[in-house]
2 protein chains.
Amino acid sequence: MTITVLLVDDHPVVRSGLRAVLDTGGRVTVIGEAATGEAAIALAEQLRPDVVLCDLRLGAGIDGIQTTAALRELDPAPAVLILTTFDRDAEILGAIEAGAAGYLLKDVAPEVIVEGIERAAAGDMYLTPDVAARVLQGVRDPLPKLTDREIEVLRLLSTGKANKEVAKALFVTEATVKSHVAHIFTKLDVDSRSRAIHLAQETGLI
Amino acid sequence: MTITVLLVDDHPVVRSGLRAVLDTGGRVTVIGEAATGEAAIALAEQLRPDVVLCDLRLGAGIDGIQTTAALRELDPAPAVLILTTFDRDAEILGAIEAGAAGYLLKDVAPEVIVEGIERAAAGDMYLTPDVAARVLQGVRDPLPKLTDREIEVLRLLSTGKANKEVAKALFVTEATVKSHVAHIFTKLDVDSRSRAIHLAQETGLI
DNA sequence: GGCCCCATCATCCTTTTGGATGATAGGGAG
DNA sequence: CTCCCTATCATCCAAAAGGATGATGGGGCC
């Protein structure tokens with residue numbers, strides 16, 4: 001009995017590549033492709049794949065993490081295996097939290113992908129060693145939880161806005177912005193906006 | 001007579017996808033694959049492809065722009081078509097300057113890639129409309145030319161370092177750093193480090 | 001009803017940043 | 001041999017950012 005797989009990636013070339021790589025092995029069968037998260041959810045409901053192989057960045061529309069969460073709500077829920085280029089902590093952790101059964105980087109060998117699909121179909125969690133290390137690290141030092149408002153401020157900071165500009169954009173006083181910024185700094189354990197921005201970008205917090 | 005193509009991409013899956021997409025059309029023939037720039041140059045010298053289809057980000061080793069420049073030094077030189085995910089100005093302009101015959105984004109349809117390869121083989125320049133617009137924009141508003149030292153300072157700024165820390169890292173006084181920073185601001189036409197960082201990241205200056 | 005978190009705003013003070021201006025020395029172009 | 005650019009450093013001043021502390025009101029939780 002071969003494992004049925006649904007591919008989700010916004011790049012036609014990558015989908016073709018995955019199809020070529022997966023179908024020739026004979027251990028899995030690609031039964032569908034989607035270019036967006038929305039399409040993936042609709043197709044999964046219809047095709048009932050064993051495993052959904054999903055990119056995190058999907059161009060327009062919902063991202064891979066949201067897609068994963070929605071797929072896991074289905075009944076029966078397919079196993080979701082993330083295959084992506086990026087290895088930022090927030091994305092890895094976010095995907096796992098959303099219910100992904102694995103997280104692979106796109107530069108892995110084709111056999112590793114097949115291996116991951118088989119593990120995912122079997123109900124196991126599959127992570128490459130480097131990703132697993134990041135997850136453990138994330139468990140030891142969890143990313144600080146910023147409030148929605150703080151994230152909003154941090155995003156504006158990252159575009160180079162001064163406190164005054166952020167205040168204007170959010171229709172609050174500069175004092176309020178400074179208060180948010182101070183909280184952000186405390187939570188991120190930094191002492192300057194540029195360091196906060198750097199950290200946030202590195203971890204994928206924004 | 002079909003067009004011979006060498007694929008350069010660090011992701012095995014993408015190479016497979018390109019092979020599948022290109023070979024089935026019959027108008028081009030993939031005669032080789034390389035995962036790094038160095039391997040691409042060696043293979044191109046040996047295989048003499050008409051066109052090299054090259055990613056810009058190649059993991060370890062030299063990047064796609066350096067690879068392009070080296071390939072264009074060969075005699076006979078293959079046409080180089082860039083196929084990548086990123087559309088930052090500095091990368092597009094850099095690739096064109098290095099002698100690329102075209103610049104495609106990975107989310108394009110397979111036929112567009114074939115079209116690009118044929119145009120490149122014919123000696124034409126091939127750019128999708130959106131990329132062409134960026135190039136024209138780049139000609140109108142060329143990216144300011146920062147000195148090596150200024151780039152170095154800007155990179156350190158972008159990691160969140162304060163002037164004092166940059167000074168320490170570069171073994172100069174803070175006054176010197178401030179002077180560099182002021183020059184950077186003038187050239188980039190910004191008035192704060194975070195804006196400079198944002199602009200530099202957007203354009204690919206760093 | 002109390003407790004805590006969040007968002008809002010404020011004041012006071014210190015440090016950092018940014019802007020202006022200028023000096024010195026070396027290297028390259030004309 | 002100048003002229004300009006670059007890298008280096010300096011001083012002075014103004015603006016912005018950052019740190020401390022506290023106040024107020026709204027929600028949620030036990």
# chains A, B, ... in the order shown; residues from 1 in each chain; ligands from 1
call {"tool": "residues_around", "arguments": {"residues": "stretch 1-14 of chain D", "least_positions_apart": "5", "cutoff": "12 Å", "atoms": "only C-alpha atoms (C1' of nucleotides)", "output": "PyMOL selection string"}}
result
(chain B and resi 146-150+167+170-180+183) or (chain C and resi 17-30)
call {"tool": "write_last_selection", "arguments": {"atoms": "N, CA and C atoms (P, O5', C5', C4', C3', O3' and C1' of nucleotides)", "output": "short mmCIF file (atom, residue, chain, number, x, y, z; two decimals), in the first residue's frame"}}
result
data_model
loop_
_atom_site.label_atom_id
_atom_site.label_comp_id
_atom_site.auth_asym_id
_atom_site.auth_seq_id
_atom_site.Cartn_x
_atom_site.Cartn_y
_atom_site.Cartn_z
N LEU B 146 28.39 52.91 -1.72
CA LEU B 146 29.08 53.04 -0.44
C LEU B 146 30.48 52.47 -0.59
N THR B 147 31.40 53.02 0.18
CA THR B 147 32.76 52.46 0.17
C THR B 147 32.77 51.14 0.94
N ASP B 148 33.84 50.40 0.80
CA ASP B 148 33.95 49.12 1.50
C ASP B 148 33.81 49.32 3.01
N ARG B 149 34.47 50.36 3.48
CA ARG B 149 34.43 50.61 4.91
C ARG B 149 33.02 50.93 5.37
N GLU B 150 32.33 51.68 4.57
CA GLU B 150 30.96 52.05 4.92
C GLU B 150 30.04 50.82 4.94
N ALA B 167 33.06 50.76 16.84
CA ALA B 167 34.41 51.31 16.98
C ALA B 167 35.37 50.24 17.50
N LEU B 170 36.14 47.57 14.93
CA LEU B 170 36.98 47.99 13.80
C LEU B 170 38.29 48.63 14.25
N PHE B 171 38.51 48.67 15.54
CA PHE B 171 39.75 49.26 16.08
C PHE B 171 39.93 50.71 15.66
N VAL B 172 38.86 51.47 15.74
CA VAL B 172 38.96 52.91 15.47
C VAL B 172 38.20 53.62 16.59
N THR B 173 38.24 54.94 16.58
CA THR B 173 37.52 55.67 17.63
C THR B 173 36.05 55.80 17.25
N GLU B 174 35.26 56.17 18.24
CA GLU B 174 33.86 56.34 17.99
C GLU B 174 33.64 57.50 17.02
N ALA B 175 34.50 58.49 17.08
CA ALA B 175 34.37 59.65 16.18
C ALA B 175 34.43 59.19 14.73
N THR B 176 35.33 58.28 14.46
CA THR B 176 35.46 57.75 13.10
C THR B 176 34.19 57.03 12.68
N VAL B 177 33.67 56.22 13.58
CA VAL B 177 32.44 55.50 13.26
C VAL B 177 31.32 56.49 12.97
N LYS B 178 31.22 57.52 13.81
CA LYS B 178 30.16 58.49 13.60
C LYS B 178 30.32 59.18 12.24
N SER B 179 31.54 59.39 11.87
CA SER B 179 31.80 60.00 10.56
C SER B 179 31.32 59.07 9.45
N HIS B 180 31.65 57.79 9.55
CA HIS B 180 31.19 56.82 8.55
C HIS B 180 29.66 56.77 8.52
N HIS B 183 28.20 59.67 6.78
CA HIS B 183 28.33 59.55 5.33
C HIS B 183 27.31 58.56 4.76
P DT C 17 24.40 54.63 19.86
"O5'" DT C 17 23.64 55.70 18.96
"C5'" DT C 17 22.35 56.12 19.35
"C4'" DT C 17 21.81 57.21 18.45
"C3'" DT C 17 22.38 57.35 17.06
"O3'" DT C 17 21.29 57.49 16.17
"C1'" DT C 17 22.51 59.42 18.20
P DG C 18 21.56 57.46 14.57
"O5'" DG C 18 21.63 59.00 14.21
"C5'" DG C 18 20.50 59.80 14.46
"C4'" DG C 18 20.80 61.26 14.17
"C3'" DG C 18 21.52 61.55 12.85
"O3'" DG C 18 20.84 62.64 12.26
"C1'" DG C 18 22.67 62.58 14.62
P DG C 19 21.26 63.19 10.83
"O5'" DG C 19 21.76 64.69 11.05
"C5'" DG C 19 21.08 65.63 11.86
"C4'" DG C 19 21.90 66.91 11.86
"C3'" DG C 19 22.67 67.17 10.55
"O3'" DG C 19 22.54 68.55 10.23
"C1'" DG C 19 24.19 67.12 12.36
P DA C 20 23.22 69.16 8.90
"O5'" DA C 20 24.44 69.99 9.52
"C5'" DA C 20 24.25 70.74 10.72
"C4'" DA C 20 25.52 71.52 11.02
"C3'" DA C 20 26.37 71.80 9.78
"O3'" DA C 20 26.81 73.15 9.80
"C1'" DA C 20 27.66 70.65 11.41
P DT C 21 27.63 73.78 8.55
"O5'" DT C 21 29.11 73.82 9.10
"C5'" DT C 21 29.37 73.86 10.51
"C4'" DT C 21 30.82 73.57 10.75
"C3'" DT C 21 31.70 73.66 9.50
"O3'" DT C 21 32.69 74.65 9.67
"C1'" DT C 21 32.18 71.71 10.75
P DG C 22 33.80 74.97 8.53
"O5'" DG C 22 35.08 74.21 9.10
"C5'" DG C 22 35.34 74.23 10.51
"C4'" DG C 22 36.48 73.28 10.82
"C3'" DG C 22 37.53 73.18 9.70
"O3'" DG C 22 38.81 73.18 10.27
"C1'" DG C 22 36.84 71.05 10.34
P DA C 23 40.11 73.66 9.41
"O5'" DA C 23 41.23 72.68 10.00
"C5'" DA C 23 41.20 72.31 11.37
"C4'" DA C 23 41.92 70.98 11.53
"C3'" DA C 23 43.03 70.76 10.49
"O3'" DA C 23 44.25 70.48 11.14
"C1'" DA C 23 41.54 68.89 10.56
P DT C 24 45.62 70.50 10.28
"O5'" DT C 24 45.93 68.96 10.08
"C5'" DT C 24 45.76 68.04 11.16
"C4'" DT C 24 46.02 66.63 10.64
"C3'" DT C 24 47.06 66.57 9.51
"O3'" DT C 24 47.95 65.51 9.76
"C1'" DT C 24 45.09 65.48 8.85
P DA C 25 49.37 65.49 8.98
"O5'" DA C 25 49.27 64.10 8.22
"C5'" DA C 25 48.74 62.95 8.90
"C4'" DA C 25 48.39 61.90 7.86
"C3'" DA C 25 49.35 61.86 6.65
"O3'" DA C 25 49.68 60.52 6.37
"C1'" DA C 25 47.12 62.08 5.92
P DG C 26 50.82 60.18 5.32
"O5'" DG C 26 50.11 59.16 4.33
"C5'" DG C 26 49.20 58.19 4.85
"C4'" DG C 26 48.36 57.64 3.70
"C3'" DG C 26 49.15 57.45 2.39
"O3'" DG C 26 48.77 56.23 1.79
"C1'" DG C 26 47.29 58.86 2.02
P DG C 27 49.59 55.67 0.52
"O5'" DG C 27 48.41 55.28 -0.49
"C5'" DG C 27 47.04 55.50 -0.14
"C4'" DG C 27 46.18 55.44 -1.38
"C3'" DG C 27 46.94 55.18 -2.69
"O3'" DG C 27 46.10 54.44 -3.57
"C1'" DG C 27 45.98 57.35 -2.72
P DG C 28 46.71 53.92 -4.96
"O5'" DG C 28 45.76 54.70 -5.98
"C5'" DG C 28 44.36 54.79 -5.72
"C4'" DG C 28 43.71 55.73 -6.69
"C3'" DG C 28 44.24 55.64 -8.12
"O3'" DG C 28 43.14 55.68 -9.02
"C1'" DG C 28 44.47 57.86 -7.31
P DA C 29 43.39 55.67 -10.59
"O5'" DA C 29 42.94 57.16 -10.97
"C5'" DA C 29 41.73 57.71 -10.42
"C4'" DA C 29 41.41 59.01 -11.13
"C3'" DA C 29 41.79 59.01 -12.61
"O3'" DA C 29 40.84 59.78 -13.34
"C1'" DA C 29 43.11 60.61 -11.44
P DG C 30 40.97 59.82 -14.93
"O5'" DG C 30 41.45 61.29 -15.22
"C5'" DG C 30 40.73 62.40 -14.67
"C4'" DG C 30 41.61 63.65 -14.75
"C3'" DG C 30 42.20 63.87 -16.14
"O3'" DG C 30 41.74 65.11 -16.69
"C1'" DG C 30 43.86 64.09 -14.42
#
call {"tool": "interface_residues", "arguments": {"of": "chain B", "to": "chain C", "cutoff": "8 Å", "atoms": "only C-alpha atoms (C1' of nucleotides)", "output": "list in words"}}
result
Ala182, Asp191 and Ser192 of chain B
call {"tool": "select_by_dssp", "arguments": {"residues": "stretch 42-184 of chain A", "states": "helix (DSSP H, G or I)", "output": "MDAnalysis selection string"}}
result
chainID A and resid 42:47 64:73 89:97 110:121 129:140 148:158 163:170 174:184
call {"tool": "calpha_fit_and_write", "arguments": {"fixed": "chain A", "moving": "chain B", "output": "mmCIF file with C-alpha atoms, in the first residue's frame"}}
result
data_model
loop_
_atom_site.group_PDB
_atom_site.id
_atom_site.type_symbol
_atom_site.label_atom_id
_atom_site.label_comp_id
_atom_site.auth_asym_id
_atom_site.auth_seq_id
_atom_site.Cartn_x
_atom_site.Cartn_y
_atom_site.Cartn_z
ATOM 1 C CA MET B 1 0.122 -0.087 -0.034
ATOM 2 C CA THR B 2 1.836 3.137 -1.079
ATOM 3 C CA ILE B 3 1.491 6.365 0.844
ATOM 4 C CA THR B 4 -0.650 9.062 -0.782
ATOM 5 C CA VAL B 5 0.796 12.566 -0.773
ATOM 6 C CA LEU B 6 -0.530 16.022 -1.538
ATOM 7 C CA LEU B 7 2.070 18.639 -2.559
ATOM 8 C CA VAL B 8 1.692 22.255 -1.512
ATOM 9 C CA ASP B 9 4.159 24.777 -2.915
ATOM 10 C CA ASP B 10 3.696 27.999 -4.811
ATOM 11 C CA HIS B 11 6.494 27.220 -7.259
ATOM 12 C CA PRO B 12 5.454 25.008 -10.160
ATOM 13 C CA VAL B 13 9.055 23.953 -10.648
ATOM 14 C CA VAL B 14 9.361 22.688 -7.113
ATOM 15 C CA ARG B 15 6.111 20.741 -7.414
ATOM 16 C CA SER B 16 7.394 19.115 -10.575
ATOM 17 C CA GLY B 17 10.633 18.299 -8.873
ATOM 18 C CA LEU B 18 8.911 16.726 -5.917
ATOM 19 C CA ARG B 19 6.645 14.737 -8.172
ATOM 20 C CA ALA B 20 9.627 13.466 -10.131
ATOM 21 C CA VAL B 21 11.570 12.628 -7.014
ATOM 22 C CA LEU B 22 8.742 11.017 -5.090
ATOM 23 C CA ASP B 23 6.865 9.117 -7.769
ATOM 24 C CA THR B 24 9.927 7.343 -9.102
ATOM 25 C CA GLY B 25 10.708 5.787 -5.740
ATOM 26 C CA GLY B 26 7.484 3.812 -5.722
ATOM 27 C CA ARG B 27 7.056 4.063 -1.991
ATOM 28 C CA VAL B 28 4.798 7.100 -2.176
ATOM 29 C CA THR B 29 2.250 8.327 -4.694
ATOM 30 C CA VAL B 30 1.572 11.999 -5.354
ATOM 31 C CA ILE B 31 -2.187 12.317 -5.722
ATOM 32 C CA GLY B 32 -2.470 16.090 -5.978
ATOM 33 C CA GLU B 33 -0.813 19.500 -6.016
ATOM 34 C CA ALA B 34 -1.825 22.868 -4.669
ATOM 35 C CA ALA B 35 -0.184 26.259 -5.085
ATOM 36 C CA THR B 36 -1.898 27.949 -2.128
ATOM 37 C CA GLY B 37 -2.947 27.055 1.383
ATOM 38 C CA GLU B 38 -6.590 27.552 0.600
ATOM 39 C CA ALA B 39 -6.434 25.197 -2.369
ATOM 40 C CA ALA B 40 -4.525 22.679 -0.267
ATOM 41 C CA ILE B 41 -7.212 22.534 2.380
ATOM 42 C CA ALA B 42 -9.958 22.056 -0.185
ATOM 43 C CA LEU B 43 -7.981 19.376 -2.015
ATOM 44 C CA ALA B 44 -7.044 17.540 1.161
ATOM 45 C CA GLU B 45 -10.672 17.347 2.176
ATOM 46 C CA GLN B 46 -11.502 15.832 -1.177
ATOM 47 C CA LEU B 47 -8.517 13.564 -1.798
ATOM 48 C CA ARG B 48 -7.826 12.420 1.771
ATOM 49 C CA PRO B 49 -4.063 12.117 1.381
ATOM 50 C CA ASP B 50 -2.051 10.286 4.040
ATOM 51 C CA VAL B 51 0.525 13.060 4.093
ATOM 52 C CA VAL B 52 0.552 16.692 3.006
ATOM 53 C CA LEU B 53 3.998 17.987 2.045
ATOM 54 C CA CYS B 54 3.800 21.720 2.563
ATOM 55 C CA ASP B 55 6.017 24.745 2.054
ATOM 56 C CA LEU B 56 5.850 27.507 4.661
ATOM 57 C CA ARG B 57 5.965 30.504 2.335
ATOM 58 C CA LEU B 58 3.100 30.306 -0.066
ATOM 59 C CA GLY B 59 3.091 33.675 -1.745
ATOM 60 C CA ALA B 60 -0.321 35.276 -1.475
ATOM 61 C CA GLY B 61 -2.934 33.908 0.920
ATOM 62 C CA ILE B 62 -2.490 32.009 4.141
ATOM 63 C CA ASP B 63 0.952 30.736 5.078
ATOM 64 C CA GLY B 64 2.103 27.196 5.721
ATOM 65 C CA ILE B 65 1.552 27.360 9.465
ATOM 66 C CA GLN B 66 -2.051 28.431 9.106
ATOM 67 C CA THR B 67 -2.500 25.778 6.440
ATOM 68 C CA THR B 68 -1.066 23.159 8.755
ATOM 69 C CA ALA B 69 -3.407 24.132 11.551
ATOM 70 C CA ALA B 70 -6.418 23.976 9.236
ATOM 71 C CA LEU B 71 -5.373 20.617 7.810
ATOM 72 C CA ARG B 72 -5.019 19.152 11.288
ATOM 73 C CA GLU B 73 -8.630 20.139 11.956
ATOM 74 C CA LEU B 74 -9.874 17.840 9.213
ATOM 75 C CA ASP B 75 -11.248 14.419 10.059
ATOM 76 C CA PRO B 76 -9.416 12.288 9.246
ATOM 77 C CA ALA B 77 -6.490 14.664 9.516
ATOM 78 C CA PRO B 78 -3.547 14.124 7.184
ATOM 79 C CA ALA B 79 -0.047 14.175 8.617
ATOM 80 C CA VAL B 80 1.633 17.430 7.620
ATOM 81 C CA LEU B 81 5.309 17.504 6.727
ATOM 82 C CA ILE B 82 6.869 20.925 6.292
ATOM 83 C CA LEU B 83 9.450 21.293 3.529
ATOM 84 C CA THR B 84 10.875 24.759 3.332
ATOM 85 C CA THR B 85 13.952 26.882 2.781
ATOM 86 C CA PHE B 86 13.875 28.799 6.031
ATOM 87 C CA ASP B 87 14.972 27.750 9.438
ATOM 88 C CA ARG B 88 13.934 30.575 11.686
ATOM 89 C CA ASP B 89 12.983 29.533 15.169
ATOM 90 C CA ALA B 90 9.550 31.089 15.162
ATOM 91 C CA GLU B 91 8.620 29.248 11.990
ATOM 92 C CA ILE B 92 9.910 25.897 13.147
ATOM 93 C CA LEU B 93 8.239 26.194 16.532
ATOM 94 C CA GLY B 94 5.078 27.587 14.994
ATOM 95 C CA ALA B 95 4.811 24.694 12.582
ATOM 96 C CA ILE B 96 5.312 22.134 15.328
ATOM 97 C CA GLU B 97 2.741 23.845 17.504
ATOM 98 C CA ALA B 98 0.307 23.867 14.602
ATOM 99 C CA GLY B 99 0.593 20.087 14.457
ATOM 100 C CA ALA B 100 3.244 19.408 11.836
ATOM 101 C CA ALA B 101 4.741 15.929 11.967
ATOM 102 C CA GLY B 102 8.081 17.090 10.666
ATOM 103 C CA TYR B 103 10.171 19.941 9.359
ATOM 104 C CA LEU B 104 12.657 19.491 6.530
ATOM 105 C CA LEU B 105 14.874 22.008 4.789
ATOM 106 C CA LYS B 106 14.761 22.053 1.011
ATOM 107 C CA ASP B 107 18.432 21.357 0.588
ATOM 108 C CA VAL B 108 18.093 17.804 1.905
ATOM 109 C CA ALA B 109 18.551 14.795 -0.337
ATOM 110 C CA PRO B 110 15.434 13.329 -1.962
ATOM 111 C CA GLU B 111 15.697 10.113 0.091
ATOM 112 C CA VAL B 112 15.381 12.142 3.253
ATOM 113 C CA ILE B 113 12.097 13.540 2.016
ATOM 114 C CA VAL B 114 10.778 10.065 1.301
ATOM 115 C CA GLU B 115 11.972 8.942 4.702
ATOM 116 C CA GLY B 116 10.182 11.885 6.286
ATOM 117 C CA ILE B 117 6.978 11.102 4.469
ATOM 118 C CA GLU B 118 7.073 7.491 5.646
ATOM 119 C CA ARG B 119 7.698 8.499 9.213
ATOM 120 C CA ALA B 120 4.931 11.072 9.076
ATOM 121 C CA ALA B 121 2.520 8.535 7.615
ATOM 122 C CA ALA B 122 3.414 6.167 10.441
ATOM 123 C CA GLY B 123 2.410 8.823 12.930
ATOM 124 C CA ASP B 124 5.937 9.626 14.029
ATOM 125 C CA MET B 125 7.576 12.981 14.381
ATOM 126 C CA TYR B 126 10.470 13.452 11.978
ATOM 127 C CA LEU B 127 13.047 16.184 12.308
ATOM 128 C CA THR B 128 16.520 16.392 10.850
ATOM 129 C CA PRO B 129 19.156 16.679 13.581
ATOM 130 C CA ASP B 130 19.798 20.372 13.028
ATOM 131 C CA VAL B 131 16.119 21.222 13.206
ATOM 132 C CA ALA B 132 15.666 19.018 16.260
ATOM 133 C CA ALA B 133 18.445 20.944 17.951
ATOM 134 C CA ARG B 134 16.624 24.187 17.260
ATOM 135 C CA VAL B 135 13.437 22.779 18.720
ATOM 136 C CA LEU B 136 15.174 21.679 21.888
ATOM 137 C CA GLN B 137 16.812 25.055 22.103
ATOM 138 C CA GLY B 138 13.378 26.611 21.673
ATOM 139 C CA VAL B 139 12.046 24.542 24.540
ATOM 140 C CA ARG B 140 14.926 25.554 26.775
ATOM 141 C CA ASP B 141 14.806 29.230 25.804
ATOM 142 C CA PRO B 142 11.313 29.843 24.566
ATOM 143 C CA LEU B 143 10.820 32.943 22.475
ATOM 144 C CA PRO B 144 9.515 35.741 24.670
ATOM 145 C CA LYS B 145 5.829 36.338 24.188
ATOM 146 C CA LEU B 146 5.172 39.867 23.045
ATOM 147 C CA THR B 147 1.661 41.261 23.083
ATOM 148 C CA ASP B 148 -0.073 42.116 19.819
ATOM 149 C CA ARG B 149 0.532 45.771 20.410
ATOM 150 C CA GLU B 150 4.198 45.199 21.065
ATOM 151 C CA ILE B 151 4.557 43.204 17.869
ATOM 152 C CA GLU B 152 2.857 46.020 16.036
ATOM 153 C CA VAL B 153 5.300 48.526 17.476
ATOM 154 C CA LEU B 154 8.241 46.270 16.730
ATOM 155 C CA ARG B 155 7.185 45.956 13.108
ATOM 156 C CA LEU B 156 7.073 49.715 12.765
ATOM 157 C CA LEU B 157 10.463 50.039 14.421
ATOM 158 C CA SER B 158 11.838 47.560 11.941
ATOM 159 C CA THR B 159 10.847 49.801 9.050
ATOM 160 C CA GLY B 160 13.003 52.524 10.536
ATOM 161 C CA LYS B 161 10.338 54.611 12.196
ATOM 162 C CA ALA B 162 11.264 56.869 15.102
ATOM 163 C CA ASN B 163 9.177 56.812 18.288
ATOM 164 C CA LYS B 164 7.331 59.924 17.194
ATOM 165 C CA GLU B 165 6.405 58.361 13.867
ATOM 166 C CA VAL B 166 5.224 55.183 15.517
ATOM 167 C CA ALA B 167 3.116 57.295 17.850
ATOM 168 C CA LYS B 168 1.537 59.074 14.924
ATOM 169 C CA ALA B 169 0.906 55.813 13.081
ATOM 170 C CA LEU B 170 -0.796 54.245 16.090
ATOM 171 C CA PHE B 171 -2.635 57.374 17.239
ATOM 172 C CA VAL B 172 -1.060 57.374 20.687
ATOM 173 C CA THR B 173 1.431 59.624 22.417
ATOM 174 C CA GLU B 174 5.146 59.175 22.205
ATOM 175 C CA ALA B 175 5.160 58.299 25.916
ATOM 176 C CA THR B 176 3.035 55.268 25.172
ATOM 177 C CA VAL B 177 5.337 54.175 22.386
ATOM 178 C CA LYS B 178 8.328 54.546 24.661
ATOM 179 C CA SER B 179 6.575 52.418 27.217
ATOM 180 C CA HIS B 180 5.933 49.687 24.640
ATOM 181 C CA VAL B 181 9.469 49.913 23.391
ATOM 182 C CA ALA B 182 10.834 49.604 26.918
ATOM 183 C CA HIS B 183 8.707 46.503 27.488
ATOM 184 C CA ILE B 184 9.895 45.006 24.209
ATOM 185 C CA PHE B 185 13.506 45.619 25.207
ATOM 186 C CA THR B 186 13.003 43.989 28.576
ATOM 187 C CA LYS B 187 11.331 40.928 27.094
ATOM 188 C CA LEU B 188 13.933 40.528 24.365
ATOM 189 C CA ASP B 189 16.748 41.386 26.743
ATOM 190 C CA VAL B 190 18.269 44.028 24.500
ATOM 191 C CA ASP B 191 19.135 47.680 24.986
ATOM 192 C CA SER B 192 18.666 49.275 21.608
ATOM 193 C CA ARG B 193 16.080 49.336 18.864
ATOM 194 C CA SER B 194 18.475 48.062 16.241
ATOM 195 C CA ARG B 195 19.355 45.070 18.371
ATOM 196 C CA ALA B 196 15.691 44.382 18.979
ATOM 197 C CA ILE B 197 15.025 44.558 15.252
ATOM 198 C CA HIS B 198 17.918 42.254 14.485
ATOM 199 C CA LEU B 199 16.828 39.697 17.061
ATOM 200 C CA ALA B 200 13.235 39.807 15.904
ATOM 201 C CA GLN B 201 14.255 39.255 12.310
ATOM 202 C CA GLU B 202 16.595 36.421 13.192
ATOM 203 C CA THR B 203 14.076 34.517 15.224
ATOM 204 C CA GLY B 204 11.207 35.267 12.901
ATOM 205 C CA LEU B 205 9.333 37.086 15.639
ATOM 206 C CA ILE B 206 8.243 39.545 12.991
#
call {"tool": "interface_residues", "arguments": {"of": "chain D", "to": "chain A", "cutoff": "12 Å", "atoms": "only C-alpha atoms (C1' of nucleotides)", "output": "PyMOL selection string"}}
result
chain D and resi 15-21
